[in-house]
$ cat protein38.pdb   # PDB, C-alpha atoms
ATOM      1  CA  MET A   1       0.000   0.000   0.000  1.00  0.00           C
ATOM      2  CA  GLU A   2       1.366   3.404  -0.945  1.00  0.00           C
ATOM      3  CA  ILE A   3       0.622   6.542   1.012  1.00  0.00           C
ATOM      4  CA  GLU A   4       0.611   9.848  -0.831  1.00  0.00           C
ATOM      5  CA  LEU A   5       2.364  12.549   1.155  1.00  0.00           C
ATOM      6  CA  ILE A   6       1.261  16.136   0.897  1.00  0.00           C
ATOM      7  CA  GLU A   7       4.343  18.297   0.550  1.00  0.00           C
ATOM      8  CA  GLN A   8       2.682  21.713   0.776  1.00  0.00           C
ATOM      9  CA  ALA A   9       3.402  23.309   4.130  1.00  0.00           C
ATOM     10  CA  SER A  10       0.718  25.050   6.118  1.00  0.00           C
ATOM     11  CA  THR A  11       1.896  28.635   5.942  1.00  0.00           C
ATOM     12  CA  GLU A  12      -1.303  30.426   6.826  1.00  0.00           C
ATOM     13  CA  ILE A  13      -1.686  28.946  10.328  1.00  0.00           C
ATOM     14  CA  ALA A  14       1.469  29.950  12.175  1.00  0.00           C
ATOM     15  CA  GLU A  15       0.497  27.926  15.247  1.00  0.00           C
ATOM     16  CA  TYR A  16       0.854  24.743  13.194  1.00  0.00           C
ATOM     17  CA  SER A  17       4.503  25.372  12.291  1.00  0.00           C
ATOM     18  CA  LYS A  18       5.827  23.244  15.190  1.00  0.00           C
ATOM     19  CA  THR A  19       3.699  20.281  14.126  1.00  0.00           C
ATOM     20  CA  GLU A  20       4.685  20.849  10.501  1.00  0.00           C
ATOM     21  CA  ALA A  21       8.357  20.720  11.522  1.00  0.00           C
ATOM     22  CA  GLY A  22       7.716  17.509  13.451  1.00  0.00           C
ATOM     23  CA  LEU A  23       6.048  16.019  10.398  1.00  0.00           C
ATOM     24  CA  ALA A  24       9.023  16.919   8.213  1.00  0.00           C
ATOM     25  CA  ASP A  25      11.342  15.290  10.760  1.00  0.00           C
ATOM     26  CA  LEU A  26       9.205  12.134  10.792  1.00  0.00           C
ATOM     27  CA  ARG A  27       9.269  11.956   7.005  1.00  0.00           C
ATOM     28  CA  ALA A  28      13.049  12.215   6.967  1.00  0.00           C
ATOM     29  CA  ARG A  29      13.620   9.683   9.758  1.00  0.00           C
ATOM     30  CA  MET A  30      10.933   7.158   8.914  1.00  0.00           C
ATOM     31  CA  ALA A  31      11.062   7.057   5.116  1.00  0.00           C
ATOM     32  CA  ASN A  32      11.343   3.436   4.017  1.00  0.00           C
ATOM     33  CA  VAL A  33      11.688   2.170   7.593  1.00  0.00           C
ATOM     34  CA  GLU A  34      10.682  -1.451   8.063  1.00  0.00           C
ATOM     35  CA  TYR A  35      10.072  -2.750  11.569  1.00  0.00           C
ATOM     36  CA  ASP A  36      11.058  -6.274  12.549  1.00  0.00           C
ATOM     37  CA  VAL A  37       8.132  -6.762  14.900  1.00  0.00           C
ATOM     38  CA  VAL A  38       8.960 -10.390  15.577  1.00  0.00           C
ATOM     39  CA  THR A  39      11.842  -9.231  17.766  1.00  0.00           C
ATOM     40  CA  THR A  40      11.419  -7.452  21.086  1.00  0.00           C
ATOM     41  CA  LYS A  41      13.684  -4.609  19.998  1.00  0.00           C
ATOM     42  CA  GLY A  42      11.908  -4.179  16.649  1.00  0.00           C
ATOM     43  CA  MET A  43       8.480  -4.149  18.283  1.00  0.00           C
ATOM     44  CA  ALA A  44       9.628  -1.609  20.876  1.00  0.00           C
ATOM     45  CA  LEU A  45      10.952   0.662  18.125  1.00  0.00           C
ATOM     46  CA  ALA A  46       7.712   0.353  16.151  1.00  0.00           C
ATOM     47  CA  LYS A  47       5.661   1.208  19.243  1.00  0.00           C
ATOM     48  CA  ALA A  48       7.863   4.189  20.094  1.00  0.00           C
ATOM     49  CA  ASP A  49       7.619   5.591  16.576  1.00  0.00           C
ATOM     50  CA  ARG A  50       3.864   5.059  16.510  1.00  0.00           C
ATOM     51  CA  ALA A  51       3.536   6.856  19.862  1.00  0.00           C
ATOM     52  CA  GLU A  52       5.503   9.792  18.451  1.00  0.00           C
ATOM     53  CA  VAL A  53       3.185  10.040  15.449  1.00  0.00           C
ATOM     54  CA  ARG A  54       0.124   9.729  17.695  1.00  0.00           C
ATOM     55  CA  GLY A  55       1.458  12.470  19.964  1.00  0.00           C
ATOM     56  CA  LEU A  56       1.823  14.874  17.053  1.00  0.00           C
ATOM     57  CA  ARG A  57      -1.661  14.002  15.782  1.00  0.00           C
ATOM     58  CA  THR A  58      -3.417  14.414  19.116  1.00  0.00           C
ATOM     59  CA  GLY A  59      -1.389  17.521  19.924  1.00  0.00           C
ATOM     60  CA  LEU A  60      -2.506  19.055  16.643  1.00  0.00           C
ATOM     61  CA  GLU A  61      -6.143  18.311  17.454  1.00  0.00           C
ATOM     62  CA  THR A  62      -5.807  19.927  20.887  1.00  0.00           C
ATOM     63  CA  LEU A  63      -4.132  22.963  19.348  1.00  0.00           C
ATOM     64  CA  ARG A  64      -6.851  23.216  16.680  1.00  0.00           C
ATOM     65  CA  LYS A  65      -9.560  23.289  19.326  1.00  0.00           C
ATOM     66  CA  THR A  66      -7.661  25.905  21.351  1.00  0.00           C
ATOM     67  CA  ILE A  67      -7.149  28.168  18.340  1.00  0.00           C
ATOM     68  CA  LYS A  68     -10.745  27.808  17.207  1.00  0.00           C
ATOM     69  CA  ALA A  69     -12.483  28.322  20.588  1.00  0.00           C
ATOM     70  CA  PRO A  70     -12.519  32.160  20.578  1.00  0.00           C
ATOM     71  CA  ALA A  71     -13.928  32.251  17.038  1.00  0.00           C
ATOM     72  CA  LEU A  72     -16.672  29.775  17.945  1.00  0.00           C
ATOM     73  CA  ALA A  73     -17.572  31.794  21.023  1.00  0.00           C
ATOM     74  CA  HIS A  74     -17.813  34.945  18.918  1.00  0.00           C
ATOM     75  CA  CYS A  75     -20.008  33.165  16.338  1.00  0.00           C
ATOM     76  CA  LYS A  76     -22.304  32.040  19.152  1.00  0.00           C
ATOM     77  CA  LEU A  77     -22.646  35.654  20.343  1.00  0.00           C
ATOM     78  CA  ILE A  78     -23.452  36.774  16.793  1.00  0.00           C
ATOM     79  CA  ASP A  79     -26.204  34.160  16.498  1.00  0.00           C
ATOM     80  CA  GLU A  80     -27.657  34.954  19.924  1.00  0.00           C
ATOM     81  CA  GLU A  81     -27.753  38.695  19.206  1.00  0.00           C
ATOM     82  CA  ALA A  82     -29.379  38.127  15.818  1.00  0.00           C
ATOM     83  CA  LYS A  83     -31.985  35.883  17.464  1.00  0.00           C
ATOM     84  CA  ARG A  84     -32.665  38.518  20.146  1.00  0.00           C
ATOM     85  CA  ILE A  85     -33.128  41.283  17.567  1.00  0.00           C
ATOM     86  CA  THR A  86     -35.307  39.064  15.382  1.00  0.00           C
ATOM     87  CA  GLY A  87     -37.482  38.318  18.395  1.00  0.00           C
ATOM     88  CA  ALA A  88     -37.889  42.022  19.085  1.00  0.00           C
ATOM     89  CA  LEU A  89     -38.830  42.652  15.460  1.00  0.00           C
ATOM     90  CA  LEU A  90     -41.444  39.923  15.488  1.00  0.00           C
TER      91      LEU A  90
END

$ encode --input "protein38.pdb" --output "structure tokens"
Amino acid sequence: MEIELIEQASTEIAEYSKTEAGLADLRARMANVEYDVVTTKGMALAKADRAEVRGLRTGLETLRKTIKAPALAHCKLIDEEAKRITGALL
């Protein structure tokens, strides 16, 4: 199975630059790596690398939610105010 890698960096979201750098490092270190999971050492290496990837993925999701929270709160205020005004007009 081949996995297509997206090479375009996320330049518009500055907060993602740390994760983007981690992704570039993973690509360089893990390109064409094969894990010998029948050995204890190989399995441990595979698990450690998978944990690193998972950490970047879950960290990105946490960061996304943190960045987005103020915008969502503002959108909620916009909707509530519009609903209040509409109610007054009705």

$ residues_around --input "protein38.pdb" --residues "range 67-71 of chain A" --least-positions-apart "5" --cutoff "10 Å" --atoms "only C-alpha atoms" --output "list in words"
Ile13, Glu15, Glu61, Thr62, Lys76 and Leu77 of chain A

$ residues_around --input "protein38.pdb" --residues "Leu23 in chain A" --least-positions-apart "6" --cutoff "10 Å" --atoms "all atoms listed in the file" --output "list in words"
Ala9, Ser17, Arg29, Val53, Leu56 and Arg57 of chain A

$ closest_residue --input "protein38.pdb" --among "A:Ala14, A:Thr19, A:Asp25, A:Met30" --to "Gly55 in chain A" --atoms "only C-alpha atoms"
A:Thr19

$ atom_distance --input "protein38.pdb" --atom1 "CA of Gly22 in chain A" --atom2 "CA of Ala51 in chain A"
13.1 Å

$ atom_distance --input "protein38.pdb" --atom1 "CA of Arg27 in chain A" --atom2 "CA of Arg54 in chain A"
14.2 Å

$ axis_aligned_box --input "protein38.pdb" --around "range 55-69 of chain A" --padding-each-side "6 Å" --output "JSON"
{"center_x": -5.3, "center_y": 20.4, "center_z": 18.6, "size_x": 26.3, "size_y": 27.9, "size_z": 17.6}

$ closest_residue --input "protein38.pdb" --among "A:Glu20, A:Glu34, A:Leu26, A:Glu12" --to "Gly59 in chain A" --atoms "all atoms listed in the file"
A:Glu20

$ decode --input "protein38.pdb" --residues "range 38-61 of chain A" --atoms "N, CA and C atoms" --output "PDB file, in the first residue's frame"
ATOM      1  N   VAL A  38       8.862  -9.081  14.943  1.00  0.00           N
ATOM      2  CA  VAL A  38       8.960 -10.390  15.577  1.00  0.00           C
ATOM      3  C   VAL A  38      10.025 -10.397  16.668  1.00  0.00           C
ATOM      4  N   THR A  39      10.845  -9.353  16.699  1.00  0.00           N
ATOM      5  CA  THR A  39      11.842  -9.231  17.766  1.00  0.00           C
ATOM      6  C   THR A  39      11.351  -8.219  18.786  1.00  0.00           C
ATOM      7  N   THR A  40      11.800  -8.369  20.006  1.00  0.00           N
ATOM      8  CA  THR A  40      11.419  -7.452  21.086  1.00  0.00           C
ATOM      9  C   THR A  40      11.891  -6.042  20.776  1.00  0.00           C
ATOM     10  N   LYS A  41      13.123  -5.920  20.312  1.00  0.00           N
ATOM     11  CA  LYS A  41      13.684  -4.609  19.998  1.00  0.00           C
ATOM     12  C   LYS A  41      12.934  -3.948  18.841  1.00  0.00           C
ATOM     13  N   GLY A  42      12.633  -4.718  17.801  1.00  0.00           N
ATOM     14  CA  GLY A  42      11.908  -4.179  16.649  1.00  0.00           C
ATOM     15  C   GLY A  42      10.507  -3.717  17.019  1.00  0.00           C
ATOM     16  N   MET A  43       9.835  -4.516  17.842  1.00  0.00           N
ATOM     17  CA  MET A  43       8.480  -4.149  18.283  1.00  0.00           C
ATOM     18  C   MET A  43       8.525  -2.899  19.143  1.00  0.00           C
ATOM     19  N   ALA A  44       9.502  -2.793  20.015  1.00  0.00           N
ATOM     20  CA  ALA A  44       9.628  -1.609  20.876  1.00  0.00           C
ATOM     21  C   ALA A  44       9.865  -0.361  20.033  1.00  0.00           C
ATOM     22  N   LEU A  45      10.696  -0.474  19.015  1.00  0.00           N
ATOM     23  CA  LEU A  45      10.952   0.662  18.125  1.00  0.00           C
ATOM     24  C   LEU A  45       9.689   1.060  17.366  1.00  0.00           C
ATOM     25  N   ALA A  46       8.958   0.076  16.871  1.00  0.00           N
ATOM     26  CA  ALA A  46       7.712   0.353  16.151  1.00  0.00           C
ATOM     27  C   ALA A  46       6.709   1.057  17.059  1.00  0.00           C
ATOM     28  N   LYS A  47       6.595   0.592  18.290  1.00  0.00           N
ATOM     29  CA  LYS A  47       5.661   1.208  19.243  1.00  0.00           C
ATOM     30  C   LYS A  47       6.081   2.630  19.589  1.00  0.00           C
ATOM     31  N   ALA A  48       7.371   2.845  19.765  1.00  0.00           N
ATOM     32  CA  ALA A  48       7.863   4.189  20.094  1.00  0.00           C
ATOM     33  C   ALA A  48       7.613   5.161  18.947  1.00  0.00           C
ATOM     34  N   ASP A  49       7.861   4.721  17.729  1.00  0.00           N
ATOM     35  CA  ASP A  49       7.619   5.591  16.576  1.00  0.00           C
ATOM     36  C   ASP A  49       6.131   5.873  16.399  1.00  0.00           C
ATOM     37  N   ARG A  50       5.310   4.856  16.616  1.00  0.00           N
ATOM     38  CA  ARG A  50       3.864   5.059  16.510  1.00  0.00           C
ATOM     39  C   ARG A  50       3.371   6.039  17.583  1.00  0.00           C
ATOM     40  N   ALA A  51       3.922   5.937  18.785  1.00  0.00           N
ATOM     41  CA  ALA A  51       3.536   6.856  19.862  1.00  0.00           C
ATOM     42  C   ALA A  51       3.932   8.288  19.511  1.00  0.00           C
ATOM     43  N   GLU A  52       5.070   8.452  18.860  1.00  0.00           N
ATOM     44  CA  GLU A  52       5.503   9.792  18.451  1.00  0.00           C
ATOM     45  C   GLU A  52       4.534  10.383  17.428  1.00  0.00           C
ATOM     46  N   VAL A  53       4.142   9.579  16.462  1.00  0.00           N
ATOM     47  CA  VAL A  53       3.185  10.040  15.449  1.00  0.00           C
ATOM     48  C   VAL A  53       1.844  10.374  16.105  1.00  0.00           C
ATOM     49  N   ARG A  54       1.399   9.495  16.998  1.00  0.00           N
ATOM     50  CA  ARG A  54       0.124   9.729  17.695  1.00  0.00           C
ATOM     51  C   ARG A  54       0.183  11.010  18.517  1.00  0.00           C
ATOM     52  N   GLY A  55       1.307  11.255  19.169  1.00  0.00           N
ATOM     53  CA  GLY A  55       1.458  12.470  19.964  1.00  0.00           C
ATOM     54  C   GLY A  55       1.345  13.736  19.128  1.00  0.00           C
ATOM     55  N   LEU A  56       1.951  13.715  17.950  1.00  0.00           N
ATOM     56  CA  LEU A  56       1.823  14.874  17.053  1.00  0.00           C
ATOM     57  C   LEU A  56       0.385  15.056  16.597  1.00  0.00           C
ATOM     58  N   ARG A  57      -0.275  13.935  16.276  1.00  0.00           N
ATOM     59  CA  ARG A  57      -1.661  14.002  15.782  1.00  0.00           C
ATOM     60  C   ARG A  57      -2.609  14.524  16.855  1.00  0.00           C
ATOM     61  N   THR A  58      -2.505  13.980  18.057  1.00  0.00           N
ATOM     62  CA  THR A  58      -3.417  14.414  19.116  1.00  0.00           C
ATOM     63  C   THR A  58      -3.074  15.820  19.595  1.00  0.00           C
ATOM     64  N   GLY A  59      -1.794  16.160  19.572  1.00  0.00           N
ATOM     65  CA  GLY A  59      -1.389  17.521  19.924  1.00  0.00           C
ATOM     66  C   GLY A  59      -1.943  18.538  18.945  1.00  0.00           C
ATOM     67  N   LEU A  60      -1.943  18.174  17.665  1.00  0.00           N
ATOM     68  CA  LEU A  60      -2.506  19.055  16.643  1.00  0.00           C
ATOM     69  C   LEU A  60      -4.001  19.259  16.869  1.00  0.00           C
ATOM     70  N   GLU A  61      -4.699  18.195  17.213  1.00  0.00           N
ATOM     71  CA  GLU A  61      -6.143  18.311  17.454  1.00  0.00           C
ATOM     72  C   GLU A  61      -6.428  19.204  18.656  1.00  0.00           C
TER      73      GLU A  61
END
